[in-house]
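As stored in data.tsv (TSV, C-alpha atoms):
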chain	number	residue	atom	x	y	z
A	165	MET	CA	-5.79	-3.15	7.08
A	166	SER	CA	-2.94	-5.45	8.14
A	167	MET	CA	-0.52	-2.55	7.57
A	168	SER	CA	-2.50	-0.05	9.66
A	169	LEU	CA	-3.83	-2.29	12.47
A	170	PRO	CA	-0.44	-2.71	14.25
A	171	THR	CA	-0.37	1.04	14.86
A	172	MET	CA	-3.85	1.33	16.37
A	173	ILE	CA	-2.90	0.49	19.97
A	174	THR	CA	-0.12	3.07	20.21
A	175	LEU	CA	-2.08	5.63	18.20
A	176	PHE	CA	-5.10	5.45	20.51
A	177	ARG	CA	-2.85	5.54	23.58
A	178	VAL	CA	-1.43	8.84	22.34
A	179	LEU	CA	-4.79	10.31	21.30
A	180	TRP	CA	-6.43	9.36	24.60
A	181	SER	CA	-3.43	10.68	26.59
A	182	ILE	CA	-2.93	7.29	28.26
A	183	SER	CA	0.77	7.12	27.44
A	184	ARG	CA	3.18	8.72	25.00
A	185	GLU	CA	5.78	5.97	25.36
A	186	ILE	CA	6.30	2.64	23.63
A	187	GLN	CA	8.59	-0.19	24.67
A	188	PHE	CA	11.48	-0.89	22.32
A	189	ASN	CA	10.53	-4.55	21.71
A	190	ILE	CA	6.96	-3.56	20.81
A	191	CYS	CA	8.35	-0.86	18.55
A	192	VAL	CA	10.49	-3.38	16.64
A	193	VAL	CA	7.53	-5.77	16.23
A	194	GLN	CA	5.34	-2.90	15.06
A	195	MET	CA	7.98	-1.85	12.54
A	196	PHE	CA	8.26	-5.40	11.22
A	197	PHE	CA	4.53	-5.71	10.55
A	198	ILE	CA	4.18	-2.22	9.04
A	199	HIS	CA	7.04	-2.66	6.57
A	200	THR	CA	6.20	-6.29	5.79
A	201	PHE	CA	2.58	-5.58	4.94
A	202	SER	CA	3.55	-2.42	3.07
A	203	PHE	CA	5.73	-4.49	0.73
A	204	THR	CA	3.06	-7.21	0.63
A	205	GLU	CA	0.45	-4.71	-0.55
A	206	SER	CA	2.81	-3.68	-3.34
A	207	SER	CA	3.21	-7.34	-4.30
A	208	VAL	CA	-0.57	-7.80	-4.29
A	209	LEU	CA	-0.90	-4.88	-6.73
A	210	LEU	CA	1.61	-6.63	-9.01
A	211	ALA	CA	-0.44	-9.84	-8.80
A	212	MET	CA	-3.58	-7.84	-9.63
A	213	ALA	CA	-1.82	-6.34	-12.67
A	214	LEU	CA	-1.02	-9.90	-13.79
A	215	ASP	CA	-4.69	-10.79	-13.25
A	216	ARG	CA	-5.80	-7.87	-15.47
A	217	TYR	CA	-3.24	-8.86	-18.12
A	218	VAL	CA	-4.51	-12.44	-18.29
A	219	ALA	CA	-8.17	-11.34	-18.21
A	220	ILE	CA	-7.73	-8.92	-21.13
A	221	CYS	CA	-5.00	-10.55	-23.23
A	222	HIS	CA	-5.93	-14.22	-22.68
A	223	PRO	CA	-9.59	-14.25	-21.59
A	224	LEU	CA	-10.33	-17.77	-22.82
A	225	ARG	CA	-7.39	-19.22	-20.86
A	226	TYR	CA	-8.03	-17.20	-17.67
A	227	ALA	CA	-9.44	-20.10	-15.61
A	228	THR	CA	-6.70	-22.50	-16.69
A	229	ILE	CA	-3.83	-20.04	-16.06
A	230	LEU	CA	-4.91	-18.46	-12.75
A	231	THR	CA	-5.95	-21.59	-10.87
A	232	PRO	CA	-6.68	-21.45	-7.11
A	233	LYS	CA	-3.43	-23.34	-6.49
A	234	LEU	CA	-1.38	-20.76	-8.40
A	235	ILE	CA	-3.17	-17.89	-6.65
A	236	ALA	CA	-2.34	-19.43	-3.24
A	237	LYS	CA	1.32	-19.76	-4.28
A	238	ILE	CA	1.40	-16.13	-5.40
A	239	GLY	CA	-0.05	-15.01	-2.05
A	240	ILE	CA	2.47	-17.03	-0.01
A	241	THR	CA	5.36	-15.83	-2.19
A	242	ALA	CA	4.25	-12.19	-1.81
A	243	LEU	CA	4.20	-12.51	1.98
A	244	LEU	CA	7.57	-14.31	2.21
A	245	ARG	CA	9.40	-11.96	-0.20
A	246	SER	CA	8.16	-9.05	1.91
A	247	ALA	CA	8.92	-10.47	5.37
A	248	ILE	CA	12.33	-12.17	4.92
A	249	PRO	CA	14.30	-9.07	3.72
A	250	ILE	CA	13.04	-7.09	6.75
A	251	ILE	CA	14.46	-9.53	9.32
A	252	PRO	CA	18.15	-8.43	9.01
A	253	LEU	CA	17.17	-4.78	9.51
A	254	MET	CA	15.15	-5.55	12.65
A	255	ALA	CA	17.81	-7.90	14.03
A	256	ARG	CA	20.58	-5.32	13.62
A	257	LEU	CA	18.42	-2.52	14.99
A	258	ALA	CA	17.84	-4.50	18.20
A	259	PHE	CA	21.55	-4.10	19.11
A	260	PHE	CA	21.84	-0.37	18.45
A	261	PRO	CA	22.37	1.99	21.42
A	262	PHE	CA	20.05	4.99	21.60
A	263	CYS	CA	21.82	7.74	23.54
A	264	ARG	CA	20.25	10.73	21.79
A	265	SER	CA	16.67	11.90	21.90
A	266	HIS	CA	14.14	9.08	22.23
A	267	ILE	CA	11.35	11.11	20.64
A	268	LEU	CA	9.83	9.62	17.49
A	269	SER	CA	8.48	11.73	14.65
A	270	HIS	CA	5.20	9.77	14.47
A	271	SER	CA	2.72	7.99	16.69
A	272	TYR	CA	4.14	4.65	15.51
A	273	CYS	CA	7.56	3.20	14.67
A	274	LEU	CA	9.25	3.32	11.27
A	275	HIS	CA	12.73	2.08	10.43
A	276	GLN	CA	13.71	5.43	8.87
A	277	ASP	CA	12.76	7.19	12.09
A	278	MET	CA	14.53	4.74	14.42
A	279	ILE	CA	17.94	4.77	12.72
A	280	ARG	CA	17.92	8.56	12.96
A	281	LEU	CA	17.97	8.20	16.77
A	282	ALA	CA	20.67	5.49	16.95
A	283	CYS	CA	24.15	6.30	18.29
A	284	ALA	CA	25.94	3.79	16.09
A	285	ASP	CA	27.11	3.23	12.53
A	286	THR	CA	23.86	2.89	10.60
A	287	LYS	CA	25.39	2.67	7.10
A	288	PHE	CA	24.37	-0.97	6.71
A	289	ASN	CA	20.76	-0.25	7.62
A	290	VAL	CA	20.63	2.80	5.34
A	291	ILE	CA	22.21	1.08	2.32
A	292	TYR	CA	20.51	-2.28	2.84
A	293	GLY	CA	17.14	-0.60	3.40
A	294	LEU	CA	17.56	1.43	0.22
A	295	VAL	CA	18.48	-1.73	-1.74
A	296	VAL	CA	15.45	-3.61	-0.36
A	297	ILE	CA	13.08	-0.76	-1.23
A	298	THR	CA	14.60	-0.37	-4.71
A	299	MET	CA	14.47	-4.10	-5.42
A	300	LEU	CA	10.97	-4.84	-4.10
A	301	TRP	CA	9.18	-1.66	-5.16
A	302	GLY	CA	11.27	-1.46	-8.34
A	303	ILE	CA	10.38	-5.01	-9.43
A	304	ASP	CA	6.71	-4.45	-8.56
A	305	CYS	CA	6.51	-1.13	-10.42
A	306	LEU	CA	8.34	-2.58	-13.43
A	307	GLY	CA	6.02	-5.60	-13.47
A	308	ILE	CA	2.92	-3.39	-13.27
A	309	PHE	CA	4.27	-1.14	-16.03
A	310	VAL	CA	5.09	-4.07	-18.35
A	311	SER	CA	1.65	-5.61	-17.70
A	312	TYR	CA	-0.07	-2.40	-18.76
A	313	VAL	CA	2.13	-2.11	-21.85
A	314	PHE	CA	0.87	-5.54	-22.96
A	315	ILE	CA	-2.69	-4.62	-21.93
A	316	LEU	CA	-2.63	-1.42	-24.02
A	317	HIS	CA	-1.11	-3.30	-26.95
A	318	SER	CA	-3.94	-5.84	-26.75
A	319	VAL	CA	-6.66	-3.21	-26.24
A	320	LEU	CA	-5.56	-1.19	-29.29
A	321	LYS	CA	-6.17	-4.27	-31.41
A	322	ILE	CA	-9.87	-4.26	-30.48
A	323	ALA	CA	-11.85	-2.95	-33.44
A	324	SER	CA	-14.74	-1.18	-31.70
A	325	HIS	CA	-14.28	1.99	-29.63
A	326	GLU	CA	-16.82	0.72	-27.10
A	327	GLY	CA	-14.89	-2.53	-26.70
A	328	ARG	CA	-11.64	-0.66	-26.02
A	329	LEU	CA	-13.31	1.52	-23.38
A	330	LYS	CA	-14.91	-1.51	-21.72
A	331	ALA	CA	-11.54	-3.30	-21.52
A	332	LEU	CA	-9.75	-0.25	-20.11
A	333	ASN	CA	-12.58	0.41	-17.65
A	334	THR	CA	-11.75	-2.86	-15.88
A	335	CYS	CA	-8.30	-1.44	-15.05
A	336	VAL	CA	-9.40	1.90	-13.54
A	337	SER	CA	-9.81	0.59	-9.98
A	338	HIS	CA	-6.40	-1.07	-10.04
A	339	ILE	CA	-4.67	2.05	-11.38
A	340	CYS	CA	-6.26	4.15	-8.60
A	341	ALA	CA	-5.16	1.60	-5.98
A	342	VAL	CA	-1.60	1.75	-7.32
A	343	LEU	CA	-1.56	5.55	-7.11
A	344	ILE	CA	-2.94	5.79	-3.56
A	345	LEU	CA	-0.29	3.34	-2.33
A	346	TYR	CA	2.82	4.54	-4.17
A	347	VAL	CA	2.29	8.32	-4.08
A	348	PRO	CA	2.13	8.58	-0.23
A	349	MET	CA	4.86	5.93	0.07
A	350	ILE	CA	7.25	7.84	-2.20
A	351	GLY	CA	6.29	11.12	-0.53
A	352	LEU	CA	7.11	9.77	2.94
A	353	SER	CA	10.46	8.39	1.72
A	354	ILE	CA	11.37	11.77	0.18
A	355	VAL	CA	10.46	13.58	3.41
A	356	HIS	CA	12.69	11.26	5.48
A	357	ARG	CA	15.60	11.41	3.01
A	358	PHE	CA	15.65	15.05	1.94
A	359	ALA	CA	13.51	17.00	4.44
A	360	LYS	CA	14.90	15.80	7.77
A	361	HIS	CA	14.91	19.30	9.27
A	362	SER	CA	11.47	20.33	8.02
A	363	SER	CA	8.50	20.97	10.30
A	364	PRO	CA	7.46	17.96	12.44
A	365	LEU	CA	3.90	18.50	11.21
A	366	ILE	CA	5.00	17.55	7.69
A	367	HIS	CA	6.48	14.26	8.94
A	368	ILE	CA	3.37	13.46	10.99
A	369	PHE	CA	0.99	14.39	8.17
A	370	MET	CA	2.84	12.33	5.53
A	371	ALA	CA	3.18	9.34	7.88
A	372	HIS	CA	-0.56	9.20	8.57
A	373	ILE	CA	-1.43	9.75	4.90
A	374	TYR	CA	0.86	6.83	4.00
A	375	LEU	CA	-0.65	4.55	6.62
A	376	LEU	CA	-4.36	5.45	6.69
A	377	VAL	CA	-5.32	6.68	3.21
A	378	PRO	CA	-4.99	3.34	1.30
A	379	PRO	CA	-7.26	1.30	3.63
A	380	VAL	CA	-9.80	4.15	3.70
A	381	LEU	CA	-9.93	4.72	-0.07
A	382	ASN	CA	-9.54	1.13	-1.33
A	383	PRO	CA	-13.09	0.04	-0.36
A	384	ILE	CA	-14.49	3.19	-2.00
A	385	ILE	CA	-12.49	2.63	-5.19
A	386	TYR	CA	-13.57	-0.98	-5.57
A	387	SER	CA	-17.18	-0.52	-4.49
A	388	VAL	CA	-18.00	2.57	-6.56
A	389	LYS	CA	-17.81	0.48	-9.74
A	390	THR	CA	-20.26	-2.11	-8.38
A	391	LYS	CA	-23.73	-1.41	-9.75
A	392	GLN	CA	-25.62	-2.80	-6.74
A	393	ILE	CA	-23.61	-0.65	-4.29
A	394	ARG	CA	-24.10	2.50	-6.43
A	395	GLN	CA	-27.85	1.90	-6.51
A	396	GLY	CA	-27.91	1.31	-2.74
A	397	VAL	CA	-26.07	4.59	-2.08
A	398	MET	CA	-28.40	6.50	-4.42
A	399	HIS	CA	-31.38	4.92	-2.68
A	400	LEU	CA	-30.10	6.22	0.69
A	401	LEU	CA	-29.14	9.71	-0.49
A	402	LEU	CA	-31.93	10.55	-2.93
A	403	PRO	CA	-35.70	10.69	-2.30
A	404	LYS	CA	-37.41	7.41	-3.15
A	405	LYS	CA	-39.68	8.97	-5.78
A	406	LEU	CA	-36.78	10.65	-7.58
A	407	PHE	CA	-34.70	7.49	-7.37
A	408	SER	CA	-37.50	5.31	-8.78
A	409	ARG	CA	-38.21	7.89	-11.56
A	410	ASP	CA	-34.53	7.90	-12.56
A	411	LEU	CA	-34.57	4.13	-12.83
A	412	VAL	CA	-37.62	4.20	-15.08
A	413	ILE	CA	-36.11	6.86	-17.35
A	414	SER	CA	-32.82	4.99	-17.68
Structure re-expressed in structure tokens:
Amino acid sequence: MSMSLPTMITLFRVLWSISREIQFNICVVQMFFIHTFSFTESSVLLAMALDRYVAICHPLRYATILTPKLIAKIGITALLRSAIPIIPLMARLAFFPFCRSHILSHSYCLHQDMIRLACADTKFNVIYGLVVITMLWGIDCLGIFVSYVFILHSVLKIASHEGRLKALNTCVSHICAVLILYVPMIGLSIVHRFAKHSSPLIHIFMAHIYLLVPPVLNPIIYSVKTKQIRQGVMHLLLPKKLFSRDLVIS
């Protein structure tokens, strides 16, 4: 939600035909929050992978390892490691002249879109931005991958088939959350890098998928596995008699 909320003001202004313009300073601030919280969400997924690893591989030590103090430190570190690398990009962008078209590809500001419009040497921003993405997303993806390697190694040691399925079932929501964040994110990066001259509709579609799909699907992913929520939805959708009969049969 923190990643998508900064875009709401400009998005609604465009949809309601109030204004199709955005001030440069607001654009830079919007970019900062979008990219910062995008990297933060990736860091949170890494922290969640660590949580699953400890819960499955060291269940008896879970409370002593993941203390509230450590969790707070992980949250602060995730936010700082996401925000600090973005500052040089925003600071340098503030001094770029924009003498070409001032038309953005989306209804909000992205760094990839802004440097395309700059009339200056943008090599630093391109290379530095690529390094930041590779380092942050690369470390997060590697950490998530390693966590699941250890999780699978631990799960395969469980004797019963039911026990293995139960352990893996606790990871399904996290795996889905990883996919709905990284797939649109990688898709948008590929479009900006290798499909610059493609249809504007592709850029707009991918940008909104990247920004709006994760906050829409995350609550569904995490609530569908909650028994009380599933029963509440069934109670709303199905006739009361059928719902009560199903409960008796089960």
Given all atoms listed in the file, how would the per-residue table for region 188-250 of chain A near region 169-183 of chain A read, listing every residue at most 10 Å away with its closest atom pair and distance in Å to one decimal, sorted by chain and number, as CSV?
residue,atom,partner,partner_atom,distance
A:Ile190,CA,A:Thr174,CA,9.7
A:Cys191,CA,A:Thr174,CA,9.5
A:Val193,CA,A:Pro170,CA,8.8
A:Gln194,CA,A:Pro170,CA,5.8
A:Met195,CA,A:Pro170,CA,8.6
A:Phe196,CA,A:Pro170,CA,9.6
A:Phe197,CA,A:Pro170,CA,6.9
A:Ile198,CA,A:Pro170,CA,7.0
Point-to-point distance in Å for CA of Phe314 (chain A) and CA of Tyr217 (chain A):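 CA of Phe314 (chain A) lies 7.2 Å from CA of Tyr217 (chain A).
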Straight-line distance linking CA of Pro261 (chain A) with CA of Ile368 (chain A), stated in Å to one decimal: 24.5 Å
Shortest interatomic distance to Pro223 (chain A) - which of A:Ile366, A:His361, A:Ala371, A:Ser318, counting all atoms listed in the file: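 Among the listed residues, A:Ser318 lies closest to Pro223 (chain A).
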For CA of Ser362 (chain A) and CA of Ile267 (chain A), the interatomic separation in Å (one decimal):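 Result for CA of Ser362 (chain A) versus CA of Ile267 (chain A): 15.6 Å, one decimal.
Closest to Met278 (chain A) among A:Ile220, A:Val192, A:Leu345, A:Ala236 is A:Val192, based on only C-alpha atoms.
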Show me a table, sorted first by chain and then by increasing residue number, of the residues of region 184-271 of chain A having an atom at most 12 Å from region 298-313 of chain A, each with its shortest atom pair and the distance in Å to one decimal, counting only C-alpha atoms and written as a tab-separated table.
residue	atom	partner	partner_atom	distance
A:His199	CA	A:Leu300	CA	11.6
A:Thr200	CA	A:Leu300	CA	11.1
A:Ser202	CA	A:Trp301	CA	10.0
A:Phe203	CA	A:Leu300	CA	7.1
A:Thr204	CA	A:Leu300	CA	9.5
A:Glu205	CA	A:Asp304	CA	10.2
A:Ser206	CA	A:Asp304	CA	6.6
A:Ser207	CA	A:Asp304	CA	6.2
A:Val208	CA	A:Asp304	CA	9.1
A:Leu209	CA	A:Ile308	CA	7.7
A:Leu210	CA	A:Ile308	CA	5.5
A:Ala211	CA	A:Ile308	CA	8.5
A:Met212	CA	A:Ile308	CA	8.7
A:Ala213	CA	A:Ile308	CA	5.6
A:Leu214	CA	A:Ser311	CA	6.4
A:Asp215	CA	A:Ser311	CA	9.3
A:Arg216	CA	A:Ser311	CA	8.1
A:Tyr217	CA	A:Ser311	CA	5.9
A:Val218	CA	A:Ser311	CA	9.2
A:Ala219	CA	A:Ser311	CA	11.4
A:Ile220	CA	A:Tyr312	CA	10.3
A:Cys221	CA	A:Ser311	CA	10.0
A:Ala242	CA	A:Leu300	CA	10.2
A:Leu243	CA	A:Leu300	CA	11.9
A:Leu244	CA	A:Leu300	CA	11.9
A:Arg245	CA	A:Leu300	CA	8.3
A:Ser246	CA	A:Leu300	CA	7.9
A:Ala247	CA	A:Leu300	CA	11.2
A:Ile248	CA	A:Leu300	CA	11.7
A:Pro249	CA	A:Leu300	CA	9.5
A:Ile250	CA	A:Leu300	CA	11.3
Model the absent atoms of region 185-211 of chain A so that N, CA, C and O atoms are present, and write the result as a short mmCIF file (atom, residue, chain, number, x, y, z; two decimals), in the frame of the given file.
data_model
loop_
_atom_site.label_atom_id
_atom_site.label_comp_id
_atom_site.auth_asym_id
_atom_site.auth_seq_id
_atom_site.Cartn_x
_atom_site.Cartn_y
_atom_site.Cartn_z
N GLU A 185 4.57 6.80 25.46
CA GLU A 185 5.78 5.97 25.36
C GLU A 185 5.44 4.60 24.76
O GLU A 185 4.30 4.14 24.85
N ILE A 186 6.44 3.99 24.17
CA ILE A 186 6.30 2.64 23.63
C ILE A 186 7.57 1.87 23.93
O ILE A 186 8.68 2.41 23.82
N GLN A 187 7.44 0.64 24.37
CA GLN A 187 8.59 -0.19 24.67
C GLN A 187 9.34 -0.53 23.39
O GLN A 187 8.74 -0.68 22.32
N PHE A 188 10.65 -0.67 23.50
CA PHE A 188 11.48 -0.89 22.32
C PHE A 188 11.10 -2.18 21.60
O PHE A 188 11.02 -2.21 20.36
N ASN A 189 10.87 -3.27 22.34
CA ASN A 189 10.53 -4.55 21.71
C ASN A 189 9.22 -4.45 20.92
O ASN A 189 9.10 -4.97 19.81
N ILE A 190 8.24 -3.75 21.51
CA ILE A 190 6.96 -3.56 20.81
C ILE A 190 7.16 -2.71 19.57
O ILE A 190 6.54 -2.95 18.52
N CYS A 191 8.05 -1.74 19.68
CA CYS A 191 8.35 -0.86 18.55
C CYS A 191 8.94 -1.65 17.38
O CYS A 191 8.56 -1.45 16.22
N VAL A 192 9.86 -2.56 17.69
CA VAL A 192 10.49 -3.38 16.64
C VAL A 192 9.45 -4.27 15.97
O VAL A 192 9.42 -4.41 14.74
N VAL A 193 8.59 -4.90 16.77
CA VAL A 193 7.53 -5.77 16.23
C VAL A 193 6.58 -4.95 15.35
O VAL A 193 6.18 -5.39 14.26
N GLN A 194 6.23 -3.78 15.82
CA GLN A 194 5.34 -2.90 15.06
C GLN A 194 5.97 -2.52 13.72
O GLN A 194 5.31 -2.56 12.67
N MET A 195 7.25 -2.18 13.76
CA MET A 195 7.98 -1.85 12.54
C MET A 195 7.96 -3.01 11.55
O MET A 195 7.74 -2.84 10.35
N PHE A 196 8.21 -4.21 12.07
CA PHE A 196 8.26 -5.40 11.22
C PHE A 196 6.94 -5.59 10.47
O PHE A 196 6.92 -5.79 9.25
N PHE A 197 5.83 -5.49 11.19
CA PHE A 197 4.53 -5.71 10.55
C PHE A 197 4.19 -4.59 9.56
O PHE A 197 3.66 -4.84 8.48
N ILE A 198 4.50 -3.34 9.93
CA ILE A 198 4.18 -2.22 9.04
C ILE A 198 4.93 -2.35 7.71
O ILE A 198 4.33 -2.26 6.63
N HIS A 199 6.25 -2.58 7.80
CA HIS A 199 7.04 -2.66 6.57
C HIS A 199 6.74 -3.93 5.78
O HIS A 199 6.70 -3.90 4.55
N THR A 200 6.51 -5.04 6.48
CA THR A 200 6.20 -6.29 5.79
C THR A 200 4.91 -6.17 5.00
O THR A 200 4.86 -6.50 3.80
N PHE A 201 3.86 -5.67 5.64
CA PHE A 201 2.58 -5.58 4.94
C PHE A 201 2.56 -4.45 3.91
O PHE A 201 1.78 -4.50 2.96
N SER A 202 3.42 -3.46 4.09
CA SER A 202 3.55 -2.42 3.07
C SER A 202 4.11 -3.01 1.78
O SER A 202 3.58 -2.76 0.68
N PHE A 203 5.17 -3.81 1.90
CA PHE A 203 5.73 -4.49 0.73
C PHE A 203 4.76 -5.54 0.18
O PHE A 203 4.68 -5.74 -1.03
N THR A 204 4.03 -6.20 1.08
CA THR A 204 3.06 -7.21 0.63
C THR A 204 1.96 -6.57 -0.21
O THR A 204 1.54 -7.13 -1.23
N GLU A 205 1.50 -5.39 0.22
CA GLU A 205 0.45 -4.71 -0.55
C GLU A 205 0.96 -4.36 -1.95
O GLU A 205 0.22 -4.46 -2.93
N SER A 206 2.22 -3.96 -2.03
CA SER A 206 2.81 -3.68 -3.34
C SER A 206 2.85 -4.94 -4.20
O SER A 206 2.56 -4.90 -5.40
N SER A 207 3.18 -6.07 -3.58
CA SER A 207 3.21 -7.34 -4.30
C SER A 207 1.82 -7.75 -4.76
O SER A 207 1.65 -8.31 -5.85
N VAL A 208 0.81 -7.48 -3.92
CA VAL A 208 -0.57 -7.80 -4.29
C VAL A 208 -1.00 -6.98 -5.51
O VAL A 208 -1.69 -7.49 -6.41
N LEU A 209 -0.58 -5.72 -5.58
CA LEU A 209 -0.90 -4.88 -6.73
C LEU A 209 -0.25 -5.43 -8.00
O LEU A 209 -0.83 -5.35 -9.09
N LEU A 210 0.97 -5.98 -7.86
CA LEU A 210 1.61 -6.63 -9.01
C LEU A 210 0.82 -7.85 -9.44
O LEU A 210 0.61 -8.08 -10.65
N ALA A 211 0.37 -8.66 -8.48
CA ALA A 211 -0.44 -9.84 -8.80
C ALA A 211 -1.75 -9.44 -9.46
O ALA A 211 -2.22 -10.11 -10.40
#
